[in-house]
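Trainee: One file is attached below, protein-v4.txt, containing compact mmCIF, C-alpha atoms.
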# COMPACT_ATOMS: atom_id res chain seq x y z
CA MET A 1261 117.53 121.13 126.82
CA TYR A 1262 118.24 117.42 127.08
CA GLY A 1263 116.07 114.54 125.86
CA TYR A 1264 114.21 113.69 129.05
CA GLN A 1265 113.70 117.38 129.85
CA ILE A 1266 112.07 117.90 126.43
CA THR A 1267 109.52 115.10 127.04
CA GLN A 1268 108.69 116.50 130.49
CA ARG A 1269 108.47 120.11 129.28
CA ALA A 1270 106.12 119.12 126.45
CA LYS A 1271 103.96 117.22 128.95
CA GLU A 1272 103.97 120.13 131.39
CA LEU A 1273 103.13 122.80 128.80
CA THR A 1274 100.22 120.78 127.40
CA GLN A 1275 99.04 119.66 130.84
CA GLY A 1276 99.69 116.03 129.99
CA GLU A 1277 97.92 116.19 126.61
CA LEU A 1278 101.11 115.66 124.63
CA GLU A 1279 103.10 112.67 125.72
CA MET A 1280 106.16 112.37 123.54
CA THR A 1281 107.48 108.82 123.37
CA GLU A 1282 111.21 108.26 123.55
CA GLY A 1283 111.04 106.29 120.32
CA ALA A 1284 109.70 109.31 118.48
CA LEU A 1285 111.83 111.92 120.22
CA TYR A 1286 115.38 110.72 119.61
CA PRO A 1287 115.10 109.95 115.88
CA LEU A 1288 113.51 113.40 115.47
CA LEU A 1289 116.31 115.10 117.41
CA HIS A 1290 118.93 113.34 115.30
CA LYS A 1291 117.11 114.32 112.11
CA LEU A 1292 116.95 117.98 113.18
CA GLU A 1293 120.64 117.82 114.04
CA SER A 1294 121.45 116.40 110.59
CA ASP A 1295 119.43 119.22 109.00
CA GLY A 1296 121.37 121.81 111.00
CA ILE A 1297 118.29 123.00 112.89
CA ILE A 1298 119.75 122.02 116.25
CA THR A 1299 123.20 121.26 117.55
CA SER A 1300 124.27 119.14 120.50
CA GLU A 1301 126.93 119.19 123.17
CA VAL A 1302 127.77 116.72 125.93
CA GLN A 1303 128.18 118.13 129.42
CA LYS A 1304 129.13 116.36 132.63
CA ILE A 1305 126.29 116.77 135.14
CA ASN A 1306 126.75 115.14 138.56
CA GLY A 1307 129.43 112.88 137.10
CA ARG A 1308 127.11 111.79 134.30
CA ASP A 1309 127.35 112.67 130.63
CA ARG A 1310 124.30 114.53 129.39
CA LYS A 1311 123.63 115.51 125.81
CA TYR A 1312 122.09 118.97 125.45
CA TYR A 1313 120.35 120.13 122.29
CA LEU A 1314 120.47 123.78 121.28
CA LEU A 1315 118.80 125.72 118.47
CA THR A 1316 121.20 126.92 115.78
CA GLU A 1317 120.80 130.29 114.02
CA LYS A 1318 119.14 128.44 111.14
CA GLY A 1319 116.88 126.71 113.68
CA LYS A 1320 115.88 130.02 115.26
CA LYS A 1321 114.91 131.41 111.86
CA GLN A 1322 112.93 128.24 111.06
CA GLN A 1323 111.20 128.45 114.44
CA ALA A 1324 110.06 132.03 113.72
CA VAL A 1325 108.74 130.98 110.29
CA TYR A 1326 106.86 127.96 111.68
CA GLU A 1327 105.46 130.03 114.55
CA ASP A 1328 104.08 132.58 112.09
CA GLU A 1329 102.65 129.85 109.89
CA MET A 1330 100.99 128.16 112.85
CA LYS A 1331 99.56 131.44 114.17
CA ASN A 1332 98.08 132.21 110.74
CA TYR A 1333 96.70 128.68 110.49
CA LEU A 1334 95.06 128.90 113.91
CA LEU A 1335 93.70 132.38 113.10
CA ASN A 1336 92.18 131.05 109.88
CA LEU A 1337 90.68 128.06 111.66
CA ASN A 1338 89.24 130.36 114.30
CA THR A 1339 87.71 132.60 111.61
CA ILE A 1340 86.15 129.59 109.86
CA PHE A 1341 84.63 128.16 113.03
CA ASN A 1342 83.31 131.53 114.13
CA ILE A 1343 81.34 132.17 110.92
CA MET B 1151 123.63 100.17 133.25
CA GLU B 1152 124.06 96.42 132.70
CA TYR B 1153 120.46 96.28 131.45
CA LEU B 1154 121.15 98.96 128.83
CA ILE B 1155 124.43 97.36 127.73
CA SER B 1156 122.58 94.08 127.20
CA GLN B 1157 120.41 95.84 124.59
CA LYS B 1158 123.49 96.00 122.31
CA LEU B 1159 123.13 99.66 121.43
CA PRO B 1160 126.09 101.50 119.88
CA LEU B 1161 127.86 103.44 122.65
CA ASP B 1162 126.88 106.89 121.36
CA ILE B 1163 123.18 106.02 121.51
CA LEU B 1164 123.70 104.16 124.80
CA LEU B 1165 125.29 107.29 126.33
CA GLU B 1166 122.26 109.39 125.50
CA ILE B 1167 119.67 106.82 126.52
CA LYS B 1168 121.51 106.00 129.75
CA ASP B 1169 121.09 109.56 131.02
CA HIS B 1170 117.44 109.59 129.95
CA VAL B 1171 116.63 106.31 131.75
CA ILE B 1172 118.50 107.27 134.95
CA THR B 1173 116.76 110.67 135.10
CA GLN B 1174 113.44 108.96 134.38
CA ILE B 1175 113.97 106.46 137.24
CA GLN B 1176 114.96 109.26 139.64
CA ASP B 1177 111.85 111.23 138.65
CA ILE B 1178 109.54 108.25 139.12
CA GLN B 1179 111.12 107.50 142.52
CA LEU B 1180 110.66 111.11 143.61
CA ASN B 1181 107.19 111.78 142.21
CA GLU B 1182 105.57 108.43 142.96
CA ASN B 1183 107.56 107.61 146.11
CA LEU B 1184 108.62 104.22 144.77
CA SER B 1185 111.65 102.04 145.46
CA PHE B 1186 114.46 101.90 142.90
CA GLU B 1187 113.35 98.43 141.72
CA SER B 1188 109.72 99.52 141.14
CA ALA B 1189 110.78 102.74 139.41
CA PHE B 1190 113.26 100.79 137.27
CA SER B 1191 110.54 98.31 136.24
CA LYS B 1192 108.26 101.20 135.30
CA ALA B 1193 110.95 102.91 133.25
CA LYS B 1194 111.86 99.58 131.64
CA GLU B 1195 108.23 99.07 130.67
CA SER B 1196 108.08 102.44 128.90
CA TRP B 1197 111.16 101.52 126.82
CA LYS B 1198 110.14 97.92 126.15
CA GLY B 1199 109.03 98.36 122.53
CA GLU B 1200 112.09 100.46 121.70
CA PHE B 1201 114.53 97.71 122.62
CA GLU B 1202 112.83 95.01 120.57
CA THR B 1203 115.27 93.93 117.90
CA VAL B 1204 114.37 94.40 114.25
CA ASN B 1205 116.05 93.85 110.89
CA TYR B 1206 117.84 96.65 109.05
CA ARG B 1207 119.31 94.57 106.26
CA MET B 1208 120.51 97.48 104.16
CA PHE B 1209 123.27 98.23 106.69
CA PHE B 1210 123.26 95.62 109.46
CA PRO B 1211 123.58 91.85 109.05
CA VAL B 1212 122.14 91.27 112.55
CA LYS B 1213 118.99 92.52 114.25
CA ILE B 1214 119.31 95.85 116.07
CA PRO B 1215 117.06 97.58 118.65
CA MET B 1216 114.12 99.48 117.18
CA ILE B 1217 115.23 102.85 118.60
CA ALA B 1218 118.73 102.39 117.17
CA LYS B 1219 117.22 101.59 113.76
CA ARG B 1220 115.07 104.74 113.83
CA ILE B 1221 117.97 107.00 114.84
CA ILE B 1222 120.42 105.39 112.40
CA LYS B 1223 117.87 105.63 109.59
CA GLU B 1224 117.46 109.37 110.12
CA LYS B 1225 121.23 109.92 110.20
CA TYR B 1226 122.04 107.66 107.25
CA ASN B 1227 119.22 109.10 105.13
CA GLY B 1228 120.76 112.55 105.54
CA PHE B 1229 124.19 111.24 104.52
CA LEU B 1230 122.74 109.33 101.57
CA LYS B 1231 120.97 112.41 100.23
CA LYS B 1232 124.12 114.54 100.51
CA SER B 1233 126.30 111.77 99.04
CA LEU B 1234 123.96 111.26 96.08
CA LEU B 1235 123.93 115.01 95.42
CA ILE B 1236 127.73 115.29 95.49
CA GLY B 1237 127.95 112.05 93.47
CA LEU B 1238 125.69 113.63 90.83
CA ILE B 1239 127.96 116.69 90.68
CA PHE B 1240 130.93 114.41 89.96
CA PHE B 1241 128.80 112.53 87.42
CA GLY B 1242 128.22 115.88 85.70
CA ILE B 1243 131.94 116.70 85.86
CA ASN B 1244 132.70 113.32 84.28
CA LEU B 1245 130.32 114.08 81.39
CA MET B 1246 131.79 117.55 81.05
CA LEU B 1247 135.28 116.04 80.76
CA VAL B 1248 134.08 113.98 77.78
CA TYR B 1249 133.31 117.20 75.91
CA LEU B 1250 136.33 119.12 77.18
CA SER B 1251 138.83 116.47 76.11
CA ARG B 1252 140.54 116.85 72.76
CA ASN B 1253 140.82 113.12 72.19
CA GLN B 1254 140.14 109.76 73.80
CA GLU B 1255 143.60 109.54 75.37
CA GLU B 1256 143.17 112.88 77.08
CA TYR B 1257 139.76 111.83 78.40
CA GLY B 1258 141.33 108.59 79.67
CA ILE B 1259 143.84 110.62 81.70
CA LEU B 1260 141.19 112.99 83.06
CA PHE B 1261 138.93 110.03 83.93
CA ARG B 1262 141.76 108.49 85.94
CA VAL B 1263 142.61 111.81 87.62
CA LEU B 1264 138.97 112.37 88.64
CA ASN B 1265 138.61 108.92 90.17
CA GLY B 1266 142.15 108.94 91.50
CA MET B 1267 141.24 112.05 93.47
CA PHE B 1268 138.80 109.99 95.53
CA LEU B 1269 141.54 107.46 96.24
CA LEU B 1270 143.92 110.23 97.22
CA VAL B 1271 141.41 111.88 99.57
CA MET B 1272 140.49 108.56 101.19
CA GLY B 1273 144.13 107.56 101.49
CA CYS B 1274 144.97 110.91 103.13
CA VAL B 1275 142.03 110.59 105.53
CA TRP B 1276 143.22 107.08 106.40
CA LEU B 1277 146.83 108.15 107.02
CA LEU B 1278 146.05 111.38 108.86
CA ASN B 1279 143.75 109.56 111.25
CA ILE B 1280 145.81 106.45 111.78
CA ARG B 1281 145.53 106.81 115.57
CA ILE B 1282 141.78 106.25 115.62
CA TRP B 1283 141.84 103.05 113.55
CA LYS B 1284 141.87 101.01 116.73
CA TYR B 1285 138.30 102.26 117.21
CA MET B 1286 137.20 100.81 113.89
CA ARG B 1287 136.72 97.30 115.15
CA THR B 1288 133.93 96.06 117.38
CA ASP B 1289 134.47 96.87 121.04
CA PHE B 1290 134.59 93.80 123.26
CA LYS B 1291 134.96 95.82 126.47
CA TYR B 1292 131.37 95.06 127.35
CA LYS B 1293 129.57 91.74 127.18
CA GLY B 1294 128.54 90.90 123.66
CA LYS B 1295 129.44 92.88 120.59
CA CYS B 1296 129.18 96.62 120.92
CA PHE B 1297 129.95 99.36 118.43
CA TYR B 1298 131.49 102.62 119.57
CA THR B 1299 129.23 104.69 117.33
CA MET B 1300 126.34 104.19 114.93
CA TYR B 1301 128.62 105.18 112.03
CA GLN B 1302 131.23 102.52 112.68
CA GLN B 1303 129.24 99.97 110.68
CA ASN B 1304 130.15 101.87 107.50
CA MET B 1305 133.92 101.72 107.95
CA GLY B 1306 134.03 98.44 106.02
CA LEU B 1307 132.38 100.31 103.15
CA MET B 1308 135.36 102.69 103.07
CA ILE B 1309 137.76 99.82 102.36
CA THR B 1310 135.36 98.25 99.81
CA CYS B 1311 135.01 101.60 98.01
CA MET B 1312 138.78 102.13 97.97
CA ILE B 1313 139.32 98.69 96.40
CA ALA B 1314 136.57 99.39 93.83
CA MET B 1315 138.08 102.80 93.11
CA VAL B 1316 141.50 101.23 92.43
CA GLN B 1317 139.78 99.04 89.81
CA ILE B 1318 138.02 102.05 88.23
CA THR B 1319 141.21 104.12 88.14
CA GLY B 1320 142.77 101.34 86.11
CA LYS B 1321 140.16 101.89 83.34
CA ASN B 1322 140.00 104.76 80.88
CA GLY B 1323 136.25 105.22 80.38
CA HIS B 1324 136.56 105.05 76.59
CA TYR B 1325 132.98 103.77 76.14
CA ALA B 1326 131.66 107.13 77.38
CA TYR B 1327 133.98 109.07 75.08
CA GLN B 1328 133.09 106.94 72.06
CA PHE B 1329 129.36 107.26 72.72
CA PHE B 1330 129.21 111.02 73.29
CA ARG B 1331 131.95 112.22 70.98
CA GLU B 1332 132.16 109.62 68.24
CA HIS B 1333 128.49 108.55 68.42
CA THR B 1334 129.38 104.86 68.67
CA THR B 1335 126.17 103.23 69.84
CA SER B 1336 127.16 99.59 69.47
CA ASP B 1337 127.87 98.91 73.15
CA VAL B 1338 125.22 100.69 75.22
CA PHE B 1339 125.52 98.15 78.03
CA MET B 1340 129.21 98.89 78.56
CA LEU B 1341 128.47 102.62 78.31
CA LEU B 1342 125.97 102.31 81.16
CA ILE B 1343 128.48 100.32 83.21
CA THR B 1344 131.14 102.99 82.52
CA LEU B 1345 128.84 105.75 83.71
CA ILE B 1346 126.93 104.08 86.54
CA ILE B 1347 129.65 102.12 88.35
CA PRO B 1348 131.95 105.13 88.94
CA PHE B 1349 128.92 107.17 90.07
CA LEU B 1350 127.91 104.48 92.58
CA VAL B 1351 131.45 104.01 93.88
CA GLN B 1352 131.98 107.77 94.16
CA THR B 1353 128.69 108.08 96.07
CA GLY B 1354 129.79 105.18 98.29
CA CYS B 1355 133.13 106.90 98.95
CA ILE B 1356 131.43 110.16 99.94
CA PHE B 1357 128.96 108.29 102.17
CA ALA B 1358 131.84 106.40 103.81
CA LEU B 1359 133.74 109.67 104.34
CA PHE B 1360 130.70 111.33 105.95
CA SER B 1361 130.36 108.29 108.21
CA PHE B 1362 134.07 108.38 109.02
CA PHE B 1363 134.05 112.03 110.08
CA GLU B 1364 130.89 111.59 112.15
CA HIS B 1365 132.47 108.50 113.72
CA LYS B 1366 135.56 110.53 114.61
CA LYS B 1367 133.51 113.43 115.99
CA THR B 1368 131.34 111.10 118.06
CA LEU B 1369 134.37 109.19 119.36
CA ASN B 1370 135.74 112.41 120.80
CA ARG B 1371 132.40 113.10 122.45
CA ILE B 1372 132.19 109.68 124.09
CA LYS B 1373 135.85 109.51 125.06
CA SER B 1374 135.16 110.75 128.56
CA PHE B 1375 132.22 108.35 128.86
CA LEU B 1376 134.45 105.39 127.97
CA GLU B 1377 136.98 106.46 130.57
CA SER B 1378 134.46 106.99 133.37
CA PRO B 1379 133.77 104.03 135.73
CA ALA B 1380 130.64 101.97 134.97
CA GLU B 1381 127.57 102.69 137.08
CA ALA B 1382 125.36 100.04 138.65
How would this structure read if it were set down as structure tokens?

Mentor:
Amino acid sequence: MYGYQITQRAKELTQGELEMTEGALYPLLHKLESDGIITSEVQKINGRDRKYYLLTEKGKKQQAVYEDEMKNYLLNLNTIFNI
Amino acid sequence: MEYLISQKLPLDILLEIKDHVITQIQDIQLNENLSFESAFSKAKESWKGEFETVNYRMFFPVKIPMIAKRIIKEKYNGFLKKSLLIGLIFFGINLMLVYLSRNQEEYGILFRVLNGMFLLVMGCVWLLNIRIWKYMRTDFKYKGKCFYTMYQQNMGLMITCMIAMVQITGKNGHYAYQFFREHTTSDVFMLLITLIIPFLVQTGCIFALFSFFEHKKTLNRIKSFLESPAEA
């Protein structure tokens, strides 16, 4: 995915609840790239250079860990509020 | 495009933001049925705060756009952490050499070899990449000063570190040897200088090398962008 696509996808998935600002997005993408979580490649799309970000193997593993953590967290919250 | 160039962003960041802004304008035009001018104003408004110039005195003598500062900070912080870690390893090696040396003369030689290694590596990097040195200076292709990449700012550091390393290689580090092996505690100040200065210069060299290789990698990525004709 490329930068603008990420902001739009986040907006779409959360029905407009999560509006990611450009100022927050790009520094975060560069940080994740430095940490080896994502990698980037420039492709020519309609004569324009576009930078795509892809999850690395390390990133995929991290994603699975964070997903599990978040699911457990939400499950615990749900249990607490349903007491 | 002219609007983005006027924000004085390094070209690598400009390349990324350019695509974002153009796609954003096209989306606004399509979804809200607006003219290019209105869509451009709307997109410009959403980026307004990001292009405000701010100080980043640690690395830049002039004000830079906020978004550039945030991105550069993230990148440089990563390099700094890695450089400090590798610098600490060499600091440890230096201390180990004190104990491994049979006498002060031998330590003096090893001290010079250790620091000379940095000079050798940097010299080799310089010579093997001589063709890209024309991309080390500020690019005046566009109006105003413009850097090719966000790492280019640190190329001056490479030369400074090499000069400092030449000075260090000329020393023999005998204060460290005398303190740790002969327990001479009379000149603690010079001992600290002998230990800290090489550590800082070595860290600086590693940081400059990281910046250099990222600069080279990014230059290759933006090569096609530099060659493509400018858009309106």

Trainee: Considering all atoms listed in the file, return as a PDB file with C-alpha atoms, keeping the file's coordinate frame whatever protein or nucleic-acid residues lie within 8 Å of Leu1247 in chain B, sequence-local ones (same chain, fewer than 2 positions apart) excluded.

Mentor:
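Here's the written file out.pdb:
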ATOM      1  CA  ILE B1243     131.940 116.700  85.860  1.00  0.00           C
ATOM      2  CA  ASN B1244     132.700 113.320  84.280  1.00  0.00           C
ATOM      3  CA  LEU B1245     130.320 114.080  81.390  1.00  0.00           C
ATOM      4  CA  TYR B1249     133.310 117.200  75.910  1.00  0.00           C
ATOM      5  CA  LEU B1250     136.330 119.120  77.180  1.00  0.00           C
ATOM      6  CA  SER B1251     138.830 116.470  76.110  1.00  0.00           C
ATOM      7  CA  TYR B1257     139.760 111.830  78.400  1.00  0.00           C
ATOM      8  CA  LEU B1260     141.190 112.990  83.060  1.00  0.00           C
ATOM      9  CA  PHE B1261     138.930 110.030  83.930  1.00  0.00           C
TER      10      PHE B1261
END

Trainee: For a quick check of understanding, using all atoms listed in the file, which of B:Leu1165, B:Leu1359, B:Ile1222, B:Val1248 has the smallest distance to Phe1268 in chain B?

Mentor: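 Nearest candidate to Phe1268 in chain B out of B:Leu1165, B:Leu1359, B:Ile1222, B:Val1248: B:Leu1359.
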
Trainee: Kindly provide, as a list in words, the residues of chain A having any atom no farther than 7 Å from an atom of chain B, counting only C-alpha atoms.

Mentor: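 Result, ordered by chain then number: Gly1263, Tyr1264, Gly1283, Tyr1286, Pro1287, His1290, Lys1291, Ser1294, Val1302, Asp1309, Arg1310 and Lys1311 of chain A.
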
Trainee: Return the single residue from B:Gly1354, B:Met1272, B:Tyr1325, B:Leu1264 that is closest to Leu1342 in chain B, with distances computed using all atoms listed in the file.

Mentor: B:Tyr1325

Trainee: For CA of Gly1320 in chain B and CA of Gly1237 in chain B, determine how far apart the two atoms are, in Å to one decimal place.

Mentor: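 Between CA of Gly1320 in chain B and CA of Gly1237 in chain B the gap works out to 19.7 Å.
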
Trainee: Tell me, in Å to one decimal, how far CA of Asp1295 in chain A is from CA of Leu1159 in chain B.

Mentor: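 Result for CA of Asp1295 in chain A versus CA of Leu1159 in chain B: 23.5 Å, one decimal.
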
Trainee: Which residue gives the smallest distance to Gly1319 in chain A among A:Gln1275, A:Gln1268, A:Thr1299, A:Asn1338, with all atoms listed in the file counted?

Mentor: A:Thr1299

Trainee: At what distance in Å, to one decimal, does CA of Val1204 in chain B lie from CA of Phe1190 in chain B?

Mentor: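 CA of Phe1190 in chain B sits 23.9 Å away from CA of Val1204 in chain B.
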
Trainee: Could you give me the centre and size, in Å to one decimal, of an axis-aligned box around all listed atoms of range 1217-1236 of chain B with 8 Å added on every side, as JSON?

Mentor:
{"center_x": 121.4, "center_y": 108.4, "center_z": 107.0, "size_x": 28.7, "size_y": 29.7, "size_z": 39.2}

Trainee: Have a look at B:Thr1203, B:Gln1352, B:Asn1253, B:Gln1302 and name the one nearest to Leu1269 in chain B; count all atoms listed in the file.

Mentor: B:Gln1352

Trainee: Excluding same-chain residues fewer than 5 positions from Gly1258 in chain B, what lies within 7 Å of it counting all atoms listed in the file, as a PDB file with C-alpha atoms, in the frame of the given file?

Mentor:
ATOM      1  CA  ASN B1322     140.000 104.760  80.880  1.00  0.00           C
ATOM      2  CA  GLY B1323     136.250 105.220  80.380  1.00  0.00           C
ATOM      3  CA  HIS B1324     136.560 105.050  76.590  1.00  0.00           C
TER       4      HIS B1324
END

Trainee: From the list B:Gln1179, B:Gln1328, B:Thr1299, B:Gln1317, which residue is nearest Leu1369 in chain B when using all atoms listed in the file?

Mentor: B:Thr1299
